[in-house]
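Asker: Pasting a structure here, questions to come.
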Amino acid sequence: MTHIDTVLGWDESAGEVSYVLYEYEDATFNKETATIVTQGSCSGNCGSRRVYVKDKIHEGHILRLELKADEQVATSNPINVLPSPNWGTPTISFNTPAIKCDEKTVSLTVDYSDEYEKIFGDEFYCDISIYSIPGGYNDDEIKDKELWERNDAIRVGQINHSWKKETRGNLTISLYKELKAGNTLVAKLRLPHTEWEGEEEDFLSVSIPIIGAEEEVPQPTVLLYNISKDSSMGGSLYEICKELDVQIKTVSPSDLGETVGYLVGRKGYEKSQEVYSGKVANTQFMLMDGFSDGFMDTFLLSMAKHGVTIDHKAKTTMYNIEWQFHKLVDDIEEEHEEVTTLVALQTLVKEVEKVENPSKELQAALKSAKDLLATEEPGTENLKKELEALKEVYLKERNLEELAGDVILKVTPNTDGTYQVNASFDNETEHTLYSWNNGMQGKVITGVLKEDLKGLVVSLTDSTKHGKIKARFEVPGIPSIGTNATQTEITLSFAQKENKLNAPKVDKIVAVLYDAKGNEVATKESNQLDELHFTGLTAGQTYTVKAWAENVIGRSDKVEVVAATGEKSSSGGSYIAPSAPVTPSKADEAKENIDDQDTPKNDTPSVVKPAKVKKPAAKAVKHGLKLSWKKVEGATGYEIRYRKVGTRKWYTKKVKATEVSLTKLTAKRTYNVKVRAYVTTKVDGKAKTVYGNYSAVKKIKTK
C-alpha cells in the first residue's frame, strides 16, 4: 500500500494543523510503543485528503491516524492491515537468443495474473512495446537510465490490449521499422499499478542482440546427464525442448572426461584421447548453452509450469567452457547444497533477529551464525552445524515446534472442464494457512486447468509453528510388469505398486511393442490394471515392450521388458519367455523403480541371491528411527533405504548387523523405510554383489 484516503476536519481558525499515522500490533493503542509510519502538516480546507505511506507496513498490524489542531487532538478509527494481493511478478521475454536485422516479426512470451483483468475490469490496460536501442549497454543500464525514452531509441513494434489484441502467452509481434545490426532489442510490458491508483508499472525483458542478416542465430542446446526420455520428468523436458526448438545432446558416463566446449560443439575443442576412469556421478544434471537471459527465463518458466525440477543445472560461461564435464557436475552439486543451506541459515538469522529480549544463549548462537556468514568460504558442513544449533536454541526459547506432517492433495473434475483441488493437513490448526503458487489462497481452489495441475504447488505455514511445508501432485508410480510368450503372442500382466502420495488414481496403462530393430509394431492401452495381448507375432523373435501408467497429472516413468516368442516346433508346445526389466537412467527414481521390482536374474550363477527380508520392526525416537529385522541366511550385510513420505529422494545406508539407528531426521515427520539383504563374494577374482528383494515398506513417524 502506498496511500490511505481519509476525511479530515478541523477548526479552520486553528493556527497549526498536523497529522501522524501510527502502526501497532496489540489491540490496545499506545503511542509510546506504536511506530510512526508517516507524519505531516495540513493546510487549506477540511475534507478528503490522501495520506501517503513511505515505509512498508506489516500484514496483521493496525493503523490509526491522529490529527492535531493547535492543542486539540482527534484520533481515527483503527483499520487492519490486510495481505497484499499475491499476483506474482509479470514477465516478458524473447523466445530467441538473438534476432537478424532483416526479420519482420519477433516472438516473445508474456505472463501476468488473471487478477489484473478481474480487478481493473473495463479500466484494464496492457501495452507491449518493442524498442531498438544503441548497443553497448547492459540490462541494468537500460533499466536505470530508461534508455527507451531517449531520442536514439526507436519503437519498432507494439500491441495493445485496447486494440483487441492478445497480450498474454506466446506472442508474435510485427516489426514495422527496420532493425539495425549492432543495436539491442528490448521489450517493455506496461500494466496498471497494483497499489497506486491511476498509475502504471513497467516490466522489462532481458535484451537480445540484433545481428547481421548473414549471421546465424545460435540454436539453444541442453546437455542432459542422467536424464532419460523414458522417465516422466525427462519426457516432459523433451517436450519443452521440442516446443521451444532447443537441441538436446545426451552425456554418458564415458563423456565425463571431455571438455564442456567439445560436448557443446564449440570450434577448437577436440575429443580427449584418454579414457575417463574417475568418479561417475549419479546426480541429474542439465547444462544450457546458447541461451540468452530472456530465453532462459522462458525455458525455466516452462519447466516450472510442467512440474519439471532439476536441482543441478548450469549455463555455459567463458570459464566453465574449458572444464572437464565431471568437474562442472561435481562443482554445481556441491555449490547447490552449500547455497541451499546458506539461504536457510540467512533466513533463520533474520527471523531470530526479530526476537525481543533474547536470552544470552540465543544471542550467542545468533552471533556464532552471523560470524560464519561473514566469512568468505563458510563451507557446507559448517553451515549445517550452525543452522541446527541456532534452530535448536531458537525453537526452545520460543517454545515452538517445527511444522511437520503430510499434506494430502485431491483433484476433482468440474463440469466446465476445469478442476477443483482440495488440500488437507494431518496436523492442521486454526492458524494453518494454505498458499498456492498461482496466487490463490485456502484449502480448496477451483477453476484450475488440467495443464496447470502438474506445476501447481501449495505452501503451508502456521503462525504458531516454525517452517514451511510444500506439496504438489505426482504422476503414478511405475507399474510392475510380467510377461508370458507363446510362439505368436506376448501377454503382459500388470500390478500397480503402492501409489505415491498425492498421485491421483491411474486412468490407464499404455504399452508399446518394438521389434529387434527398434521399429514400433503395435500400441495397446487399457483403463484397468489387467492383461494386454500382442497377437499375430513372428515365432522365434525377440521383442521389447515399453509400458507406463497415466493419471490426470501425467505419465509414470516407462519400464522396459524384453520378451521372445517361442520357436516353431512339431509338438506345438508353448514357450514362456522371462522378462528382463530395464529401468530409465533417472538417478534416484530409476534406482527406486528397479529396486522395487524383483531383482533381475544375475548373470553369475555362482552367486546365490539372498532371501527377501521380512518387514522390519521400527521404533520412533527423537529426530530418528530404530529398526531391526530377522537375519537372512548367508547375507553379507543389509541395505536400508528411507525417505520422507511425499518426497522422491531415497537415502541409503549399509550395515552388517540386523539393526540400525537412523539419526538427524526431521522431527514429527512420517518416513518410508525398507531393507534388503546382499551377498558379496569373489567370482573370477573380482568382487560380485547380488541383492535380494526389498522388504515391504514400513511407514513410521519420528518423535
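Ordering of the C-alpha cells sets the chain letters (A, B, ...), residue numbers begin anew at 1 in every chain, and ligands are numbered from 1 in the order given.
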Residues within 7 Å of Lys654 in chain A, please, as a list of chain:residue names. Count only C-alpha atoms; anything in the same chain fewer than 4 positions from it doesn't count.
Answerer: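 Close residues of Lys654 in chain A: A:Tyr638, A:Glu639, A:Ile640.
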Asker: For the residues selected in the previous step, produce a file with N, CA and C atoms as a short mmCIF file (atom, residue, chain, number, x, y, z; two decimals), in the first residue's frame.
Answerer:
```cif
data_model
loop_
_atom_site.label_atom_id
_atom_site.label_comp_id
_atom_site.auth_asym_id
_atom_site.auth_seq_id
_atom_site.Cartn_x
_atom_site.Cartn_y
_atom_site.Cartn_z
N TYR A 638 23.30 -55.66 4.93
CA TYR A 638 21.94 -55.20 4.62
C TYR A 638 21.97 -53.75 4.16
N GLU A 639 21.12 -53.44 3.21
CA GLU A 639 20.99 -52.08 2.70
C GLU A 639 19.63 -51.53 3.13
N ILE A 640 19.67 -50.37 3.78
CA ILE A 640 18.44 -49.72 4.26
C ILE A 640 18.19 -48.49 3.42
#
```
Asker: Which neighbours of Thr105 in chain A fall inside 6 Å, counting only C-alpha atoms, when residues of the same chain fewer than 5 positions from it are skipped, and could you give them as a PyMOL selection string?
Answerer: chain A and resi 173-175
Asker: Quick one: everything within 9 Å of Phe291 in chain A, counting only C-alpha atoms, minus sequence neighbours fewer than 6 positions away in the same chain. Send it as a list in words.
Answerer: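 Once the adjacent positions are removed, what remains is Thr96, Pro97, Pro218, Gln219, Pro220, Thr221, Lys315 and Thr316 of chain A.
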Asker: I want to know what sits within 7 Å of Lys468 in chain A, based on only C-alpha atoms, with residues of the same chain fewer than 4 positions away left out; could you give that as an MDAnalysis selection string?
Answerer: chainID A and resid 403 459:461
Asker: Could you pull out the alpha helix (DSSP H) residues of range 288-433 of chain A, going by DSSP on the backbone, and write them as an MDAnalysis selection string?
Answerer: chainID A and resid 293:305 325:352 360:373 380:398
Asker: Those same residues - C-alpha atoms - I'd like them written as an mmCIF file, in the first residue's frame.
Answerer:
```
data_model
loop_
_atom_site.group_PDB
_atom_site.id
_atom_site.type_symbol
_atom_site.label_atom_id
_atom_site.label_comp_id
_atom_site.auth_asym_id
_atom_site.auth_seq_id
_atom_site.Cartn_x
_atom_site.Cartn_y
_atom_site.Cartn_z
ATOM 1 C CA ASP A 293 18.951 -14.465 -20.337
ATOM 2 C CA GLY A 294 15.480 -13.776 -21.665
ATOM 3 C CA PHE A 295 15.181 -17.137 -23.403
ATOM 4 C CA MET A 296 16.485 -18.900 -20.304
ATOM 5 C CA ASP A 297 13.711 -17.231 -18.284
ATOM 6 C CA THR A 298 11.183 -18.536 -20.811
ATOM 7 C CA PHE A 299 12.694 -22.031 -20.661
ATOM 8 C CA LEU A 300 12.769 -22.168 -16.853
ATOM 9 C CA LEU A 301 9.213 -20.818 -16.597
ATOM 10 C CA SER A 302 8.054 -23.577 -18.944
ATOM 11 C CA MET A 303 9.845 -26.147 -16.775
ATOM 12 C CA ALA A 304 8.061 -24.823 -13.683
ATOM 13 C CA LYS A 305 4.681 -24.896 -15.428
ATOM 14 C CA PHE A 325 32.354 -32.135 -17.666
ATOM 15 C CA HIS A 326 32.748 -34.162 -14.454
ATOM 16 C CA LYS A 327 34.313 -31.149 -12.727
ATOM 17 C CA LEU A 328 31.344 -28.976 -13.648
ATOM 18 C CA VAL A 329 28.846 -31.598 -12.401
ATOM 19 C CA ASP A 330 30.714 -32.040 -9.099
ATOM 20 C CA ASP A 331 31.141 -28.306 -8.628
ATOM 21 C CA ILE A 332 27.459 -27.493 -9.215
ATOM 22 C CA GLU A 333 26.320 -30.354 -6.972
ATOM 23 C CA GLU A 334 28.492 -29.114 -4.121
ATOM 24 C CA GLU A 335 27.516 -25.489 -4.755
ATOM 25 C CA HIS A 336 23.796 -26.313 -4.747
ATOM 26 C CA GLU A 337 23.975 -27.957 -1.333
ATOM 27 C CA GLU A 338 26.031 -25.112 0.116
ATOM 28 C CA VAL A 339 23.811 -22.360 -1.320
ATOM 29 C CA THR A 340 20.643 -24.124 -0.147
ATOM 30 C CA THR A 341 21.997 -24.370 3.391
ATOM 31 C CA LEU A 342 23.354 -20.809 3.257
ATOM 32 C CA VAL A 343 19.946 -19.396 2.310
ATOM 33 C CA ALA A 344 18.250 -21.433 5.051
ATOM 34 C CA LEU A 345 20.676 -20.056 7.669
ATOM 35 C CA GLN A 346 20.313 -16.474 6.408
ATOM 36 C CA THR A 347 16.517 -16.786 6.598
ATOM 37 C CA LEU A 348 16.662 -18.143 10.142
ATOM 38 C CA VAL A 349 19.063 -15.383 11.242
ATOM 39 C CA LYS A 350 16.601 -12.718 10.050
ATOM 40 C CA GLU A 351 13.822 -14.462 11.959
ATOM 41 C CA VAL A 352 15.859 -14.696 15.161
ATOM 42 C CA LYS A 360 22.218 -14.955 26.368
ATOM 43 C CA GLU A 361 22.187 -18.457 24.869
ATOM 44 C CA LEU A 362 20.214 -17.283 21.837
ATOM 45 C CA GLN A 363 22.392 -14.189 21.459
ATOM 46 C CA ALA A 364 25.498 -16.390 21.473
ATOM 47 C CA ALA A 365 24.034 -18.797 18.893
ATOM 48 C CA LEU A 366 22.983 -15.874 16.699
ATOM 49 C CA LYS A 367 26.431 -14.268 16.906
ATOM 50 C CA SER A 368 28.111 -17.560 16.017
ATOM 51 C CA ALA A 369 25.878 -17.959 12.944
ATOM 52 C CA LYS A 370 26.434 -14.364 11.782
ATOM 53 C CA ASP A 371 30.195 -14.708 12.264
ATOM 54 C CA LEU A 372 30.198 -17.746 9.980
ATOM 55 C CA LEU A 373 28.066 -15.966 7.361
ATOM 56 C CA THR A 380 28.593 -26.704 3.715
ATOM 57 C CA GLU A 381 29.231 -28.717 6.871
ATOM 58 C CA ASN A 382 29.872 -25.613 8.982
ATOM 59 C CA LEU A 383 26.678 -24.041 7.668
ATOM 60 C CA LYS A 384 24.685 -27.158 8.509
ATOM 61 C CA LYS A 385 26.131 -27.219 12.013
ATOM 62 C CA GLU A 386 25.306 -23.565 12.695
ATOM 63 C CA LEU A 387 21.824 -23.946 11.199
ATOM 64 C CA GLU A 388 20.949 -26.851 13.501
ATOM 65 C CA ALA A 389 22.483 -25.179 16.557
ATOM 66 C CA LEU A 390 20.663 -21.874 16.049
ATOM 67 C CA LYS A 391 17.381 -23.590 15.237
ATOM 68 C CA GLU A 392 17.528 -25.748 18.370
ATOM 69 C CA VAL A 393 18.088 -22.760 20.696
ATOM 70 C CA TYR A 394 15.530 -20.600 18.882
ATOM 71 C CA LEU A 395 12.756 -23.212 18.965
ATOM 72 C CA LYS A 396 13.440 -23.955 22.615
ATOM 73 C CA GLU A 397 13.347 -20.287 23.642
ATOM 74 C CA ARG A 398 10.181 -19.520 21.648
#
```
Asker: Between A:Pro476, A:Gly692, A:Gly518, A:Gly40, which is the closest to Pro610 in chain A once you count only C-alpha atoms?
Answerer: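 Ranking A:Pro476, A:Gly692, A:Gly518, A:Gly40 by distance to Pro610 in chain A, first place goes to A:Gly692.
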Asker: Point out the residue among A:Val621, A:Asp255, A:Ala374, A:Ser231 with the least atom-to-atom distance to Val559 in chain A, counting only C-alpha atoms.
Answerer: A:Ser231
Asker: Please identify all polymer residues within 6 Å of range 63-73 of chain A, counting only C-alpha atoms, omitting same-chain residues fewer than 4 positions from it, and present them as a list in words.
Answerer: Ala14, Glu16, Val17, Ser18, Tyr19, Val20, Leu21, Tyr22, Glu23, Pro78 and Ile79 of chain A
Asker: Choose the residue, out of A:Ala34, A:Met318, A:Val421, A:Ala687, that has the smallest atom-to-atom separation from Thr446 in chain A; count only C-alpha atoms.
Answerer: A:Val421
Asker: Just want the 7 Å neighbourhood of Asp139 in chain A, counted on only C-alpha atoms, with same-chain residues fewer than 3 positions away dropped. Output as a list in words.
Answerer: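 Selected residues are Ile142, Lys143, Val206 and Ser207 of chain A.
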